[in-house]
Amino acid sequence: MSFNSLVFLIYLVVVLVLYYVLPHKIRWAMLLIASYFFYAYWNFALIFLILTTTLTSYLSGLLMEKTERQGVKNLLLVTTLVVCIGFLVFFKYFNFLSGSVTSLIRLFGGEADDFFLELILPVGISFYTFQTLSYVIDVYRGTIDAEKHIGYFALFVSFFPQLVAGPIERPQDLIPQLKAEHKPDKDNLLQGFKIMAAGFVKKVVVADTLSVYVNAVYNAADLGQVTGLSVLLATVLFVVQIYCDFSGYSDIATGCAKMMGIELTVNFDRPLSSESLDELWSRWHISLNSWFRDYIYLPLNYRAIGKKHLKARIYLNLLIVFFISGLWHGANWTFVIWGLYNGICQVLEGALKKPKSAICSKFGWTENGSKTRLIRILKTNAILMLGLIMFRSNTVGNAFAFFGKLFSDWSFSAEYFSDTFSLMGMDVVGAVTSALVVAVMFAVDKFIIRTRGKDVLCGEKAACVNTGYIYIIWLIAVAWLFLIANGLSSGFIYFQF
């Protein structure tokens, strides 16, 4: 079930009514049934995956806590990793690995037939797999107690707002909230509704509007017609599209949970205003990047302590994390290369930190001056944008073709501009609309920050924000009707991950 559907809105109203009408002691059961219905609505047959993952990790946690033998704990951890990651690898990466091995054999002169299975990628599998693994690893480490109530644990794994595309929650944060009694609260309902509305604007008004122009370039049947300007414009718009698509989903999920009195992890914190790559990845998809930090990067660094070439090992660990992050995003070499690209860029940024400071001092530039900060923001977004060319491209060959166009195919003739905008399907109205929806993105981000209480509002400012949300609701309604009428409404990008 997709958030941007009429079915979901009806479903949400029913769930909220039942949630506050039913006694607290059986709310978990209703939420669990509702969450499984939410998942099964997409594909009922694959619900056995989330059930098996849940049962395996639940039993593993209980048995780990009961035994004092380290060997048994190790066996339980390995078993859980094999089951959970095994499902993920089989459904998401089997055909990718099979095709890569076949291509490698042919590259060295061997003969091999293609072998692919007709597999459906289970929606949300990358997210709920990581969520259950964090629980099992934390129990193994002894940092949390195993959950005894299988119903609450199953709800932790399948809680519908964040089931399909996160945020990836930690058990110590979410389970206690699921167990707590939440009474109807006007502020929670209103705040949750506002955050949801802002998320819908990001998705329906901004992301889906810009996707038309992005797809026209990146899905072009004839790459020969693509120009350097069209690649630049499409990529800039894609940066905004993917941010609004994914952060919009996270906002809708956060708003849904907030209506029930549950606080989910803030998954995005205005990352496009970051001044460095390190800052960018600490503010973009926060729950995933913190997962990689806590369960892969820091353990690898801990093992490197006391060994030679510590800094080199830390940089290598950073590359390993970004490689895994790229692979996590999709079974395609474009994602793997994208991950390695970002890892290399972050290693270079760290290695060049001192030389950059020395250059600033030599020329008398103030590191925290407004102009210097603006340059750093533009540099960070330029690196992000170049990486997203690989991320968005359908194949590695297409990506290199786009890079070639971006750095060579330029002209300032009227015919060149006409061809560019014709390819993108963009006229004057489209150009103005694109600029307006990008401005809407920045305005909506500010509304969300104020709604979450980071800015204290009263009097005229509070009235202004409330009036703003009235316009937001109208924007959603008009844009949604337009997209549906023209067949342009689309699913969330991160559903494929």
# chains A, B, ... in the order shown; residues from 1 in each chain; ligands from 1
$ residues_around --residues "Asn381 (chain A)" --least-positions-apart "6" --cutoff "12 Å" --atoms "only C-alpha atoms" --output "ChimeraX atom specification"
/A:235-236,239-240,271-277,279-281,374-375,387-388
$ residues_around --residues "Thr79 (chain A)" --least-positions-apart "3" --cutoff "12 Å" --atoms "only C-alpha atoms" --output "PDB file with all heavy atoms, in the first residue's frame"
ATOM      1  N   THR A  53      11.613 -13.773   9.324  1.00  0.00           N
ATOM      2  CA  THR A  53      12.636 -12.880   9.865  1.00  0.00           C
ATOM      3  C   THR A  53      12.318 -12.503  11.304  1.00  0.00           C
ATOM      4  O   THR A  53      13.205 -12.500  12.173  1.00  0.00           O
ATOM      5  CB  THR A  53      12.738 -11.607   9.000  1.00  0.00           C
ATOM      6  OG1 THR A  53      13.106 -11.969   7.670  1.00  0.00           O
ATOM      7  CG2 THR A  53      13.762 -10.641   9.555  1.00  0.00           C
ATOM      8  N   THR A  56      12.689 -15.695  13.688  1.00  0.00           N
ATOM      9  CA  THR A  56      14.091 -16.080  13.848  1.00  0.00           C
ATOM     10  C   THR A  56      14.820 -15.142  14.797  1.00  0.00           C
ATOM     11  O   THR A  56      15.528 -15.576  15.712  1.00  0.00           O
ATOM     12  CB  THR A  56      14.795 -16.091  12.480  1.00  0.00           C
ATOM     13  OG1 THR A  56      14.135 -17.006  11.613  1.00  0.00           O
ATOM     14  CG2 THR A  56      16.256 -16.506  12.621  1.00  0.00           C
ATOM     15  N   SER A  57      14.673 -13.835  14.579  1.00  0.00           N
ATOM     16  CA  SER A  57      15.375 -12.858  15.419  1.00  0.00           C
ATOM     17  C   SER A  57      14.816 -12.830  16.839  1.00  0.00           C
ATOM     18  O   SER A  57      15.566 -12.625  17.804  1.00  0.00           O
ATOM     19  CB  SER A  57      15.305 -11.469  14.781  1.00  0.00           C
ATOM     20  OG  SER A  57      13.982 -11.116  14.447  1.00  0.00           O
ATOM     21  N   LEU A  59      13.420 -15.454  18.572  1.00  0.00           N
ATOM     22  CA  LEU A  59      13.910 -16.636  19.282  1.00  0.00           C
ATOM     23  C   LEU A  59      15.409 -16.540  19.545  1.00  0.00           C
ATOM     24  O   LEU A  59      15.895 -16.931  20.607  1.00  0.00           O
ATOM     25  CB  LEU A  59      13.599 -17.896  18.469  1.00  0.00           C
ATOM     26  CG  LEU A  59      12.115 -18.263  18.325  1.00  0.00           C
ATOM     27  CD1 LEU A  59      11.939 -19.464  17.402  1.00  0.00           C
ATOM     28  CD2 LEU A  59      11.495 -18.556  19.692  1.00  0.00           C
ATOM     29  N   SER A  60      16.146 -16.010  18.585  1.00  0.00           N
ATOM     30  CA  SER A  60      17.586 -15.848  18.757  1.00  0.00           C
ATOM     31  C   SER A  60      17.902 -14.932  19.928  1.00  0.00           C
ATOM     32  O   SER A  60      18.783 -15.218  20.740  1.00  0.00           O
ATOM     33  CB  SER A  60      18.195 -15.289  17.473  1.00  0.00           C
ATOM     34  OG  SER A  60      19.586 -15.142  17.599  1.00  0.00           O
ATOM     35  N   GLY A  61      17.173 -13.820  20.033  1.00  0.00           N
ATOM     36  CA  GLY A  61      17.391 -12.894  21.144  1.00  0.00           C
ATOM     37  C   GLY A  61      17.117 -13.536  22.489  1.00  0.00           C
ATOM     38  O   GLY A  61      17.879 -13.361  23.452  1.00  0.00           O
ATOM     39  N   MET A  64      19.879 -16.114  23.278  1.00  0.00           N
ATOM     40  CA  MET A  64      21.147 -15.441  23.604  1.00  0.00           C
ATOM     41  C   MET A  64      21.164 -14.979  25.052  1.00  0.00           C
ATOM     42  O   MET A  64      22.176 -15.094  25.745  1.00  0.00           O
ATOM     43  CB  MET A  64      21.352 -14.222  22.687  1.00  0.00           C
ATOM     44  CG  MET A  64      21.883 -14.525  21.321  1.00  0.00           C
ATOM     45  SD  MET A  64      22.107 -12.974  20.412  1.00  0.00           S
ATOM     46  CE  MET A  64      22.497 -13.602  18.788  1.00  0.00           C
ATOM     47  N   VAL A  72      27.659 -20.561  21.955  1.00  0.00           N
ATOM     48  CA  VAL A  72      26.241 -20.667  21.599  1.00  0.00           C
ATOM     49  C   VAL A  72      25.735 -19.321  21.090  1.00  0.00           C
ATOM     50  O   VAL A  72      24.993 -19.253  20.100  1.00  0.00           O
ATOM     51  CB  VAL A  72      25.407 -21.133  22.805  1.00  0.00           C
ATOM     52  CG1 VAL A  72      23.924 -21.127  22.468  1.00  0.00           C
ATOM     53  CG2 VAL A  72      25.839 -22.524  23.244  1.00  0.00           C
ATOM     54  N   LYS A  73      26.139 -18.241  21.755  1.00  0.00           N
ATOM     55  CA  LYS A  73      25.735 -16.898  21.313  1.00  0.00           C
ATOM     56  C   LYS A  73      26.244 -16.622  19.899  1.00  0.00           C
ATOM     57  O   LYS A  73      25.526 -16.065  19.071  1.00  0.00           O
ATOM     58  CB  LYS A  73      26.270 -15.837  22.278  1.00  0.00           C
ATOM     59  CG  LYS A  73      25.572 -15.810  23.624  1.00  0.00           C
ATOM     60  CD  LYS A  73      26.106 -14.661  24.470  1.00  0.00           C
ATOM     61  CE  LYS A  73      25.371 -14.595  25.815  1.00  0.00           C
ATOM     62  NZ  LYS A  73      25.879 -13.472  26.645  1.00  0.00           N
ATOM     63  N   ASN A  74      27.500 -17.005  19.642  1.00  0.00           N
ATOM     64  CA  ASN A  74      28.071 -16.807  18.309  1.00  0.00           C
ATOM     65  C   ASN A  74      27.273 -17.574  17.259  1.00  0.00           C
ATOM     66  O   ASN A  74      26.994 -17.060  16.164  1.00  0.00           O
ATOM     67  CB  ASN A  74      29.528 -17.266  18.288  1.00  0.00           C
ATOM     68  CG  ASN A  74      30.427 -16.385  19.139  1.00  0.00           C
ATOM     69  OD1 ASN A  74      30.061 -15.267  19.503  1.00  0.00           O
ATOM     70  ND2 ASN A  74      31.613 -16.894  19.470  1.00  0.00           N
ATOM     71  N   LEU A  75      26.899 -18.819  17.595  1.00  0.00           N
ATOM     72  CA  LEU A  75      26.137 -19.646  16.662  1.00  0.00           C
ATOM     73  C   LEU A  75      24.768 -19.038  16.382  1.00  0.00           C
ATOM     74  O   LEU A  75      24.311 -19.012  15.231  1.00  0.00           O
ATOM     75  CB  LEU A  75      25.975 -21.063  17.231  1.00  0.00           C
ATOM     76  CG  LEU A  75      25.164 -22.045  16.374  1.00  0.00           C
ATOM     77  CD1 LEU A  75      25.826 -22.240  15.019  1.00  0.00           C
ATOM     78  CD2 LEU A  75      24.989 -23.381  17.101  1.00  0.00           C
ATOM     79  N   LEU A  76      24.123 -18.524  17.433  1.00  0.00           N
ATOM     80  CA  LEU A  76      22.803 -17.899  17.261  1.00  0.00           C
ATOM     81  C   LEU A  76      22.891 -16.641  16.403  1.00  0.00           C
ATOM     82  O   LEU A  76      22.038 -16.398  15.546  1.00  0.00           O
ATOM     83  CB  LEU A  76      22.208 -17.558  18.631  1.00  0.00           C
ATOM     84  CG  LEU A  76      21.755 -18.751  19.486  1.00  0.00           C
ATOM     85  CD1 LEU A  76      21.485 -18.307  20.917  1.00  0.00           C
ATOM     86  CD2 LEU A  76      20.507 -19.396  18.886  1.00  0.00           C
ATOM     87  N   VAL A  82      22.574 -15.379   8.749  1.00  0.00           N
ATOM     88  CA  VAL A  82      22.421 -16.192   7.542  1.00  0.00           C
ATOM     89  C   VAL A  82      20.975 -16.174   7.056  1.00  0.00           C
ATOM     90  O   VAL A  82      20.695 -16.012   5.864  1.00  0.00           O
ATOM     91  CB  VAL A  82      22.885 -17.645   7.799  1.00  0.00           C
ATOM     92  CG1 VAL A  82      22.467 -18.558   6.641  1.00  0.00           C
ATOM     93  CG2 VAL A  82      24.395 -17.688   7.993  1.00  0.00           C
ATOM     94  N   VAL A  83      20.023 -16.315   7.987  1.00  0.00           N
ATOM     95  CA  VAL A  83      18.608 -16.339   7.604  1.00  0.00           C
ATOM     96  C   VAL A  83      18.164 -14.983   7.070  1.00  0.00           C
ATOM     97  O   VAL A  83      17.610 -14.883   5.964  1.00  0.00           O
ATOM     98  CB  VAL A  83      17.723 -16.752   8.802  1.00  0.00           C
ATOM     99  CG1 VAL A  83      16.238 -16.581   8.454  1.00  0.00           C
ATOM    100  CG2 VAL A  83      17.995 -18.203   9.194  1.00  0.00           C
ATOM    101  N   CYS A  84      18.411 -13.937   7.842  1.00  0.00           N
ATOM    102  CA  CYS A  84      17.914 -12.604   7.465  1.00  0.00           C
ATOM    103  C   CYS A  84      18.621 -12.055   6.229  1.00  0.00           C
ATOM    104  O   CYS A  84      17.968 -11.598   5.281  1.00  0.00           O
ATOM    105  CB  CYS A  84      18.073 -11.638   8.635  1.00  0.00           C
ATOM    106  SG  CYS A  84      17.099 -12.074  10.092  1.00  0.00           S
ATOM    107  N   ILE A  85      19.955 -12.101   6.233  1.00  0.00           N
ATOM    108  CA  ILE A  85      20.696 -11.594   5.092  1.00  0.00           C
ATOM    109  C   ILE A  85      20.527 -12.536   3.901  1.00  0.00           C
ATOM    110  O   ILE A  85      20.543 -12.106   2.743  1.00  0.00           O
ATOM    111  CB  ILE A  85      22.189 -11.407   5.450  1.00  0.00           C
ATOM    112  CG1 ILE A  85      22.315 -10.356   6.551  1.00  0.00           C
ATOM    113  CG2 ILE A  85      22.991 -10.985   4.214  1.00  0.00           C
ATOM    114  CD1 ILE A  85      23.735 -10.107   7.010  1.00  0.00           C
ATOM    115  N   GLY A  86      20.334 -13.833   4.187  1.00  0.00           N
ATOM    116  CA  GLY A  86      20.113 -14.798   3.106  1.00  0.00           C
ATOM    117  C   GLY A  86      18.883 -14.459   2.288  1.00  0.00           C
ATOM    118  O   GLY A  86      18.918 -14.504   1.042  1.00  0.00           O
ATOM    119  N   LEU A 133      18.271  -6.881  12.469  1.00  0.00           N
ATOM    120  CA  LEU A 133      19.677  -7.148  12.752  1.00  0.00           C
ATOM    121  C   LEU A 133      20.200  -6.255  13.872  1.00  0.00           C
ATOM    122  O   LEU A 133      20.999  -6.702  14.702  1.00  0.00           O
ATOM    123  CB  LEU A 133      20.516  -6.944  11.487  1.00  0.00           C
ATOM    124  CG  LEU A 133      20.340  -7.984  10.378  1.00  0.00           C
ATOM    125  CD1 LEU A 133      21.249  -7.672   9.201  1.00  0.00           C
ATOM    126  CD2 LEU A 133      20.614  -9.395  10.891  1.00  0.00           C
ATOM    127  N   VAL A 136      19.139  -7.929  17.149  1.00  0.00           N
ATOM    128  CA  VAL A 136      19.896  -9.144  17.482  1.00  0.00           C
ATOM    129  C   VAL A 136      21.328  -8.802  17.879  1.00  0.00           C
ATOM    130  O   VAL A 136      21.862  -9.356  18.852  1.00  0.00           O
ATOM    131  CB  VAL A 136      19.880 -10.134  16.290  1.00  0.00           C
ATOM    132  CG1 VAL A 136      20.787 -11.327  16.577  1.00  0.00           C
ATOM    133  CG2 VAL A 136      18.469 -10.619  16.019  1.00  0.00           C
TER     134      VAL A 136
END
$ residues_around --residues "Ile320 (chain A)" --least-positions-apart "2" --cutoff "10 Å" --atoms "only C-alpha atoms" --output "PDB file with all heavy atoms, in the first residue's frame"
ATOM      1  N   ILE A 296      28.985  -1.350  11.502  1.00  0.00           N
ATOM      2  CA  ILE A 296      30.047  -1.751  10.576  1.00  0.00           C
ATOM      3  C   ILE A 296      31.295  -0.879  10.752  1.00  0.00           C
ATOM      4  O   ILE A 296      32.382  -1.398  11.034  1.00  0.00           O
ATOM      5  CB  ILE A 296      29.557  -1.673   9.109  1.00  0.00           C
ATOM      6  CG1 ILE A 296      28.384  -2.645   8.887  1.00  0.00           C
ATOM      7  CG2 ILE A 296      30.706  -2.021   8.147  1.00  0.00           C
ATOM      8  CD1 ILE A 296      27.819  -2.623   7.491  1.00  0.00           C
ATOM      9  N   TYR A 297      31.152   0.434  10.628  1.00  0.00           N
ATOM     10  CA  TYR A 297      32.309   1.331  10.627  1.00  0.00           C
ATOM     11  C   TYR A 297      33.050   1.334  11.970  1.00  0.00           C
ATOM     12  O   TYR A 297      34.274   1.108  12.015  1.00  0.00           O
ATOM     13  CB  TYR A 297      31.852   2.740  10.263  1.00  0.00           C
ATOM     14  CG  TYR A 297      32.966   3.759  10.213  1.00  0.00           C
ATOM     15  CD1 TYR A 297      33.979   3.660   9.259  1.00  0.00           C
ATOM     16  CD2 TYR A 297      33.003   4.829  11.104  1.00  0.00           C
ATOM     17  CE1 TYR A 297      35.001   4.599   9.203  1.00  0.00           C
ATOM     18  CE2 TYR A 297      34.019   5.767  11.054  1.00  0.00           C
ATOM     19  CZ  TYR A 297      35.010   5.650  10.109  1.00  0.00           C
ATOM     20  OH  TYR A 297      36.027   6.577  10.060  1.00  0.00           O
ATOM     21  N   LEU A 300      34.801  -1.994  12.827  1.00  0.00           N
ATOM     22  CA  LEU A 300      36.010  -2.152  12.016  1.00  0.00           C
ATOM     23  C   LEU A 300      37.137  -1.270  12.543  1.00  0.00           C
ATOM     24  O   LEU A 300      38.301  -1.699  12.613  1.00  0.00           O
ATOM     25  CB  LEU A 300      35.712  -1.798  10.556  1.00  0.00           C
ATOM     26  CG  LEU A 300      34.881  -2.802   9.752  1.00  0.00           C
ATOM     27  CD1 LEU A 300      34.562  -2.237   8.370  1.00  0.00           C
ATOM     28  CD2 LEU A 300      35.613  -4.138   9.618  1.00  0.00           C
ATOM     29  N   ILE A 314      41.457   3.300   8.721  1.00  0.00           N
ATOM     30  CA  ILE A 314      40.198   4.021   8.920  1.00  0.00           C
ATOM     31  C   ILE A 314      39.621   4.457   7.570  1.00  0.00           C
ATOM     32  O   ILE A 314      38.415   4.335   7.327  1.00  0.00           O
ATOM     33  CB  ILE A 314      40.413   5.233   9.847  1.00  0.00           C
ATOM     34  CG1 ILE A 314      40.675   4.749  11.275  1.00  0.00           C
ATOM     35  CG2 ILE A 314      39.194   6.160   9.821  1.00  0.00           C
ATOM     36  CD1 ILE A 314      41.035   5.858  12.240  1.00  0.00           C
ATOM     37  N   TYR A 315      40.487   4.948   6.685  1.00  0.00           N
ATOM     38  CA  TYR A 315      40.027   5.332   5.351  1.00  0.00           C
ATOM     39  C   TYR A 315      39.515   4.116   4.573  1.00  0.00           C
ATOM     40  O   TYR A 315      38.505   4.192   3.862  1.00  0.00           O
ATOM     41  CB  TYR A 315      41.160   6.005   4.580  1.00  0.00           C
ATOM     42  CG  TYR A 315      41.470   7.415   5.026  1.00  0.00           C
ATOM     43  CD1 TYR A 315      42.758   7.948   4.911  1.00  0.00           C
ATOM     44  CD2 TYR A 315      40.474   8.226   5.570  1.00  0.00           C
ATOM     45  CE1 TYR A 315      43.042   9.241   5.321  1.00  0.00           C
ATOM     46  CE2 TYR A 315      40.756   9.520   5.987  1.00  0.00           C
ATOM     47  CZ  TYR A 315      42.038  10.022   5.862  1.00  0.00           C
ATOM     48  OH  TYR A 315      42.309  11.310   6.266  1.00  0.00           O
ATOM     49  N   LEU A 316      40.213   2.983   4.717  1.00  0.00           N
ATOM     50  CA  LEU A 316      39.770   1.752   4.057  1.00  0.00           C
ATOM     51  C   LEU A 316      38.402   1.328   4.590  1.00  0.00           C
ATOM     52  O   LEU A 316      37.521   0.923   3.813  1.00  0.00           O
ATOM     53  CB  LEU A 316      40.791   0.632   4.274  1.00  0.00           C
ATOM     54  CG  LEU A 316      40.400  -0.749   3.715  1.00  0.00           C
ATOM     55  CD1 LEU A 316      40.217  -0.680   2.199  1.00  0.00           C
ATOM     56  CD2 LEU A 316      41.448  -1.790   4.090  1.00  0.00           C
ATOM     57  N   ASN A 317      38.218   1.446   5.903  1.00  0.00           N
ATOM     58  CA  ASN A 317      36.925   1.093   6.515  1.00  0.00           C
ATOM     59  C   ASN A 317      35.818   1.989   5.994  1.00  0.00           C
ATOM     60  O   ASN A 317      34.680   1.553   5.792  1.00  0.00           O
ATOM     61  CB  ASN A 317      37.017   1.188   8.042  1.00  0.00           C
ATOM     62  CG  ASN A 317      37.962   0.158   8.636  1.00  0.00           C
ATOM     63  OD1 ASN A 317      38.259  -0.863   7.998  1.00  0.00           O
ATOM     64  ND2 ASN A 317      38.434   0.404   9.833  1.00  0.00           N
ATOM     65  N   LEU A 318      36.162   3.250   5.770  1.00  0.00           N
ATOM     66  CA  LEU A 318      35.179   4.190   5.214  1.00  0.00           C
ATOM     67  C   LEU A 318      34.769   3.753   3.812  1.00  0.00           C
ATOM     68  O   LEU A 318      33.580   3.782   3.455  1.00  0.00           O
ATOM     69  CB  LEU A 318      35.781   5.588   5.182  1.00  0.00           C
ATOM     70  CG  LEU A 318      34.832   6.785   5.036  1.00  0.00           C
ATOM     71  CD1 LEU A 318      33.832   6.827   6.182  1.00  0.00           C
ATOM     72  CD2 LEU A 318      35.627   8.079   4.990  1.00  0.00           C
ATOM     73  N   PHE A 322      30.962   2.590   2.461  1.00  0.00           N
ATOM     74  CA  PHE A 322      30.285   3.198   1.313  1.00  0.00           C
ATOM     75  C   PHE A 322      30.038   2.178   0.203  1.00  0.00           C
ATOM     76  O   PHE A 322      29.050   2.280  -0.529  1.00  0.00           O
ATOM     77  CB  PHE A 322      31.081   4.399   0.793  1.00  0.00           C
ATOM     78  CG  PHE A 322      30.751   5.680   1.496  1.00  0.00           C
ATOM     79  CD1 PHE A 322      31.549   6.160   2.525  1.00  0.00           C
ATOM     80  CD2 PHE A 322      29.615   6.400   1.154  1.00  0.00           C
ATOM     81  CE1 PHE A 322      31.234   7.336   3.185  1.00  0.00           C
ATOM     82  CE2 PHE A 322      29.286   7.576   1.805  1.00  0.00           C
ATOM     83  CZ  PHE A 322      30.099   8.044   2.827  1.00  0.00           C
ATOM     84  N   PHE A 323      30.939   1.203   0.069  1.00  0.00           N
ATOM     85  CA  PHE A 323      30.710   0.127  -0.889  1.00  0.00           C
ATOM     86  C   PHE A 323      29.446  -0.651  -0.512  1.00  0.00           C
ATOM     87  O   PHE A 323      28.588  -0.919  -1.362  1.00  0.00           O
ATOM     88  CB  PHE A 323      31.918  -0.819  -0.927  1.00  0.00           C
ATOM     89  CG  PHE A 323      31.659  -2.105  -1.671  1.00  0.00           C
ATOM     90  CD1 PHE A 323      31.681  -2.137  -3.053  1.00  0.00           C
ATOM     91  CD2 PHE A 323      31.375  -3.273  -0.972  1.00  0.00           C
ATOM     92  CE1 PHE A 323      31.433  -3.322  -3.742  1.00  0.00           C
ATOM     93  CE2 PHE A 323      31.125  -4.461  -1.645  1.00  0.00           C
ATOM     94  CZ  PHE A 323      31.149  -4.485  -3.031  1.00  0.00           C
ATOM     95  N   ILE A 324      29.319  -1.000   0.765  1.00  0.00           N
ATOM     96  CA  ILE A 324      28.131  -1.725   1.233  1.00  0.00           C
ATOM     97  C   ILE A 324      26.885  -0.859   1.086  1.00  0.00           C
ATOM     98  O   ILE A 324      25.809  -1.344   0.706  1.00  0.00           O
ATOM     99  CB  ILE A 324      28.314  -2.171   2.704  1.00  0.00           C
ATOM    100  CG1 ILE A 324      29.490  -3.157   2.811  1.00  0.00           C
ATOM    101  CG2 ILE A 324      27.037  -2.813   3.241  1.00  0.00           C
ATOM    102  CD1 ILE A 324      29.852  -3.516   4.245  1.00  0.00           C
ATOM    103  N   SER A 325      27.031   0.434   1.367  1.00  0.00           N
ATOM    104  CA  SER A 325      25.893   1.349   1.222  1.00  0.00           C
ATOM    105  C   SER A 325      25.415   1.392  -0.219  1.00  0.00           C
ATOM    106  O   SER A 325      24.212   1.375  -0.488  1.00  0.00           O
ATOM    107  CB  SER A 325      26.291   2.755   1.680  1.00  0.00           C
ATOM    108  OG  SER A 325      25.256   3.679   1.446  1.00  0.00           O
ATOM    109  N   GLY A 326      26.364   1.444  -1.161  1.00  0.00           N
ATOM    110  CA  GLY A 326      25.981   1.440  -2.567  1.00  0.00           C
ATOM    111  C   GLY A 326      25.266   0.163  -2.948  1.00  0.00           C
ATOM    112  O   GLY A 326      24.226   0.194  -3.615  1.00  0.00           O
ATOM    113  N   GLY A 339      28.461   4.281  -4.617  1.00  0.00           N
ATOM    114  CA  GLY A 339      28.919   4.162  -3.239  1.00  0.00           C
ATOM    115  C   GLY A 339      30.418   4.375  -3.123  1.00  0.00           C
ATOM    116  O   GLY A 339      30.882   5.125  -2.246  1.00  0.00           O
ATOM    117  N   LEU A 340      31.196   3.749  -4.006  1.00  0.00           N
ATOM    118  CA  LEU A 340      32.653   3.903  -3.974  1.00  0.00           C
ATOM    119  C   LEU A 340      33.063   5.336  -4.279  1.00  0.00           C
ATOM    120  O   LEU A 340      34.012   5.870  -3.678  1.00  0.00           O
ATOM    121  CB  LEU A 340      33.295   2.941  -4.976  1.00  0.00           C
ATOM    122  CG  LEU A 340      33.256   1.457  -4.582  1.00  0.00           C
ATOM    123  CD1 LEU A 340      33.757   0.590  -5.736  1.00  0.00           C
ATOM    124  CD2 LEU A 340      34.090   1.206  -3.329  1.00  0.00           C
ATOM    125  N   GLY A 343      32.607   7.293  -1.176  1.00  0.00           N
ATOM    126  CA  GLY A 343      33.636   6.935  -0.205  1.00  0.00           C
ATOM    127  C   GLY A 343      34.967   7.583  -0.537  1.00  0.00           C
ATOM    128  O   GLY A 343      35.645   8.130   0.350  1.00  0.00           O
TER     129      GLY A 343
END
$ select_by_dssp --residues "region 336-421 of chain A" --states "helix (DSSP H, G or I)" --output "PyMOL selection string"
chain A and resi 336-351+353-362+370-392+396-408+414-421
$ write_last_selection --atoms "C-alpha atoms" --output "tab-separated table (two decimals), in the first residue's frame"
chain	number	residue	atom	x	y	z
A	336	VAL	CA	28.17	0.09	-6.33
A	337	ILE	CA	30.17	2.70	-8.27
A	338	TRP	CA	28.08	5.47	-6.71
A	339	GLY	CA	28.92	4.16	-3.24
A	340	LEU	CA	32.65	3.90	-3.97
A	341	TYR	CA	32.64	7.38	-5.53
A	342	ASN	CA	31.19	8.88	-2.36
A	343	GLY	CA	33.64	6.93	-0.20
A	344	ILE	CA	36.62	8.14	-2.23
A	345	CYS	CA	35.36	11.73	-2.13
A	346	GLN	CA	34.95	11.60	1.65
A	347	VAL	CA	38.43	10.07	2.09
A	348	LEU	CA	39.91	12.85	-0.04
A	349	GLU	CA	37.98	15.48	1.89
A	350	GLY	CA	39.37	14.16	5.17
A	351	ALA	CA	42.92	13.83	3.84
A	353	LYS	CA	41.41	19.06	5.43
A	354	LYS	CA	44.70	20.46	6.76
A	355	PRO	CA	46.01	21.62	3.35
A	356	LYS	CA	42.72	23.44	2.73
A	357	SER	CA	43.00	25.24	6.09
A	358	ALA	CA	46.57	26.24	5.24
A	359	ILE	CA	45.49	27.66	1.87
A	360	CYS	CA	42.68	29.66	3.53
A	361	SER	CA	45.15	31.11	6.04
A	362	LYS	CA	47.64	31.97	3.32
A	370	SER	CA	29.50	33.81	4.58
A	371	LYS	CA	31.25	33.62	1.18
A	372	THR	CA	33.47	30.73	2.23
A	373	ARG	CA	30.51	28.86	3.68
A	374	LEU	CA	28.54	29.39	0.46
A	375	ILE	CA	31.46	28.01	-1.56
A	376	ARG	CA	31.58	24.93	0.69
A	377	ILE	CA	27.83	24.36	0.30
A	378	LEU	CA	28.05	24.66	-3.50
A	379	LYS	CA	31.07	22.32	-3.57
A	380	THR	CA	29.29	19.71	-1.44
A	381	ASN	CA	26.17	19.82	-3.61
A	382	ALA	CA	28.26	19.63	-6.80
A	383	ILE	CA	29.92	16.42	-5.53
A	384	LEU	CA	26.51	15.04	-4.56
A	385	MET	CA	25.09	15.93	-7.97
A	386	LEU	CA	27.92	14.28	-9.94
A	387	GLY	CA	27.47	11.08	-7.94
A	388	LEU	CA	23.74	11.07	-8.55
A	389	ILE	CA	24.33	10.91	-12.31
A	390	MET	CA	25.63	7.38	-11.73
A	391	PHE	CA	22.89	6.69	-9.18
A	392	ARG	CA	20.06	7.69	-11.54
A	396	VAL	CA	26.95	2.17	-16.27
A	397	GLY	CA	27.25	2.77	-20.03
A	398	ASN	CA	24.46	5.34	-19.90
A	399	ALA	CA	26.13	7.06	-16.95
A	400	PHE	CA	29.42	7.50	-18.80
A	401	ALA	CA	27.49	8.75	-21.84
A	402	PHE	CA	25.83	11.38	-19.63
A	403	PHE	CA	29.20	12.38	-18.14
A	404	GLY	CA	30.56	12.72	-21.67
A	405	LYS	CA	27.65	14.95	-22.66
A	406	LEU	CA	27.95	17.04	-19.50
A	407	PHE	CA	31.61	17.88	-20.08
A	408	SER	CA	31.64	18.26	-23.86
A	414	ALA	CA	19.05	29.04	-30.31
A	415	GLU	CA	18.75	25.60	-31.91
A	416	TYR	CA	20.76	24.02	-29.05
A	417	PHE	CA	18.47	25.49	-26.38
A	418	SER	CA	15.40	24.55	-28.40
A	419	ASP	CA	16.58	20.93	-28.69
A	420	THR	CA	17.36	20.79	-24.96
A	421	PHE	CA	13.98	22.00	-23.78
$ residues_around --residues "Ala216 (chain A)" --least-positions-apart "4" --cutoff "8 Å" --atoms "only C-alpha atoms" --output "ChimeraX atom specification"
/A:212,220,423-425
$ closest_residue --among "A:Leu155, A:Leu189, A:Ala331, A:Val164" --to "Cys256 (chain A)" --atoms "only C-alpha atoms"
A:Leu189
$ closest_residue --among "A:Leu288, A:Leu117, A:Leu32, A:Leu327" --to "Ala165 (chain A)" --atoms "only C-alpha atoms"
A:Leu288
$ residues_around --residues "Tyr41 (chain A)" --least-positions-apart "2" --cutoff "12 Å" --atoms "only C-alpha atoms" --output "number ranges by chain"
A: 1-2, 7-8, 11, 33-39, 43-47, 123, 160
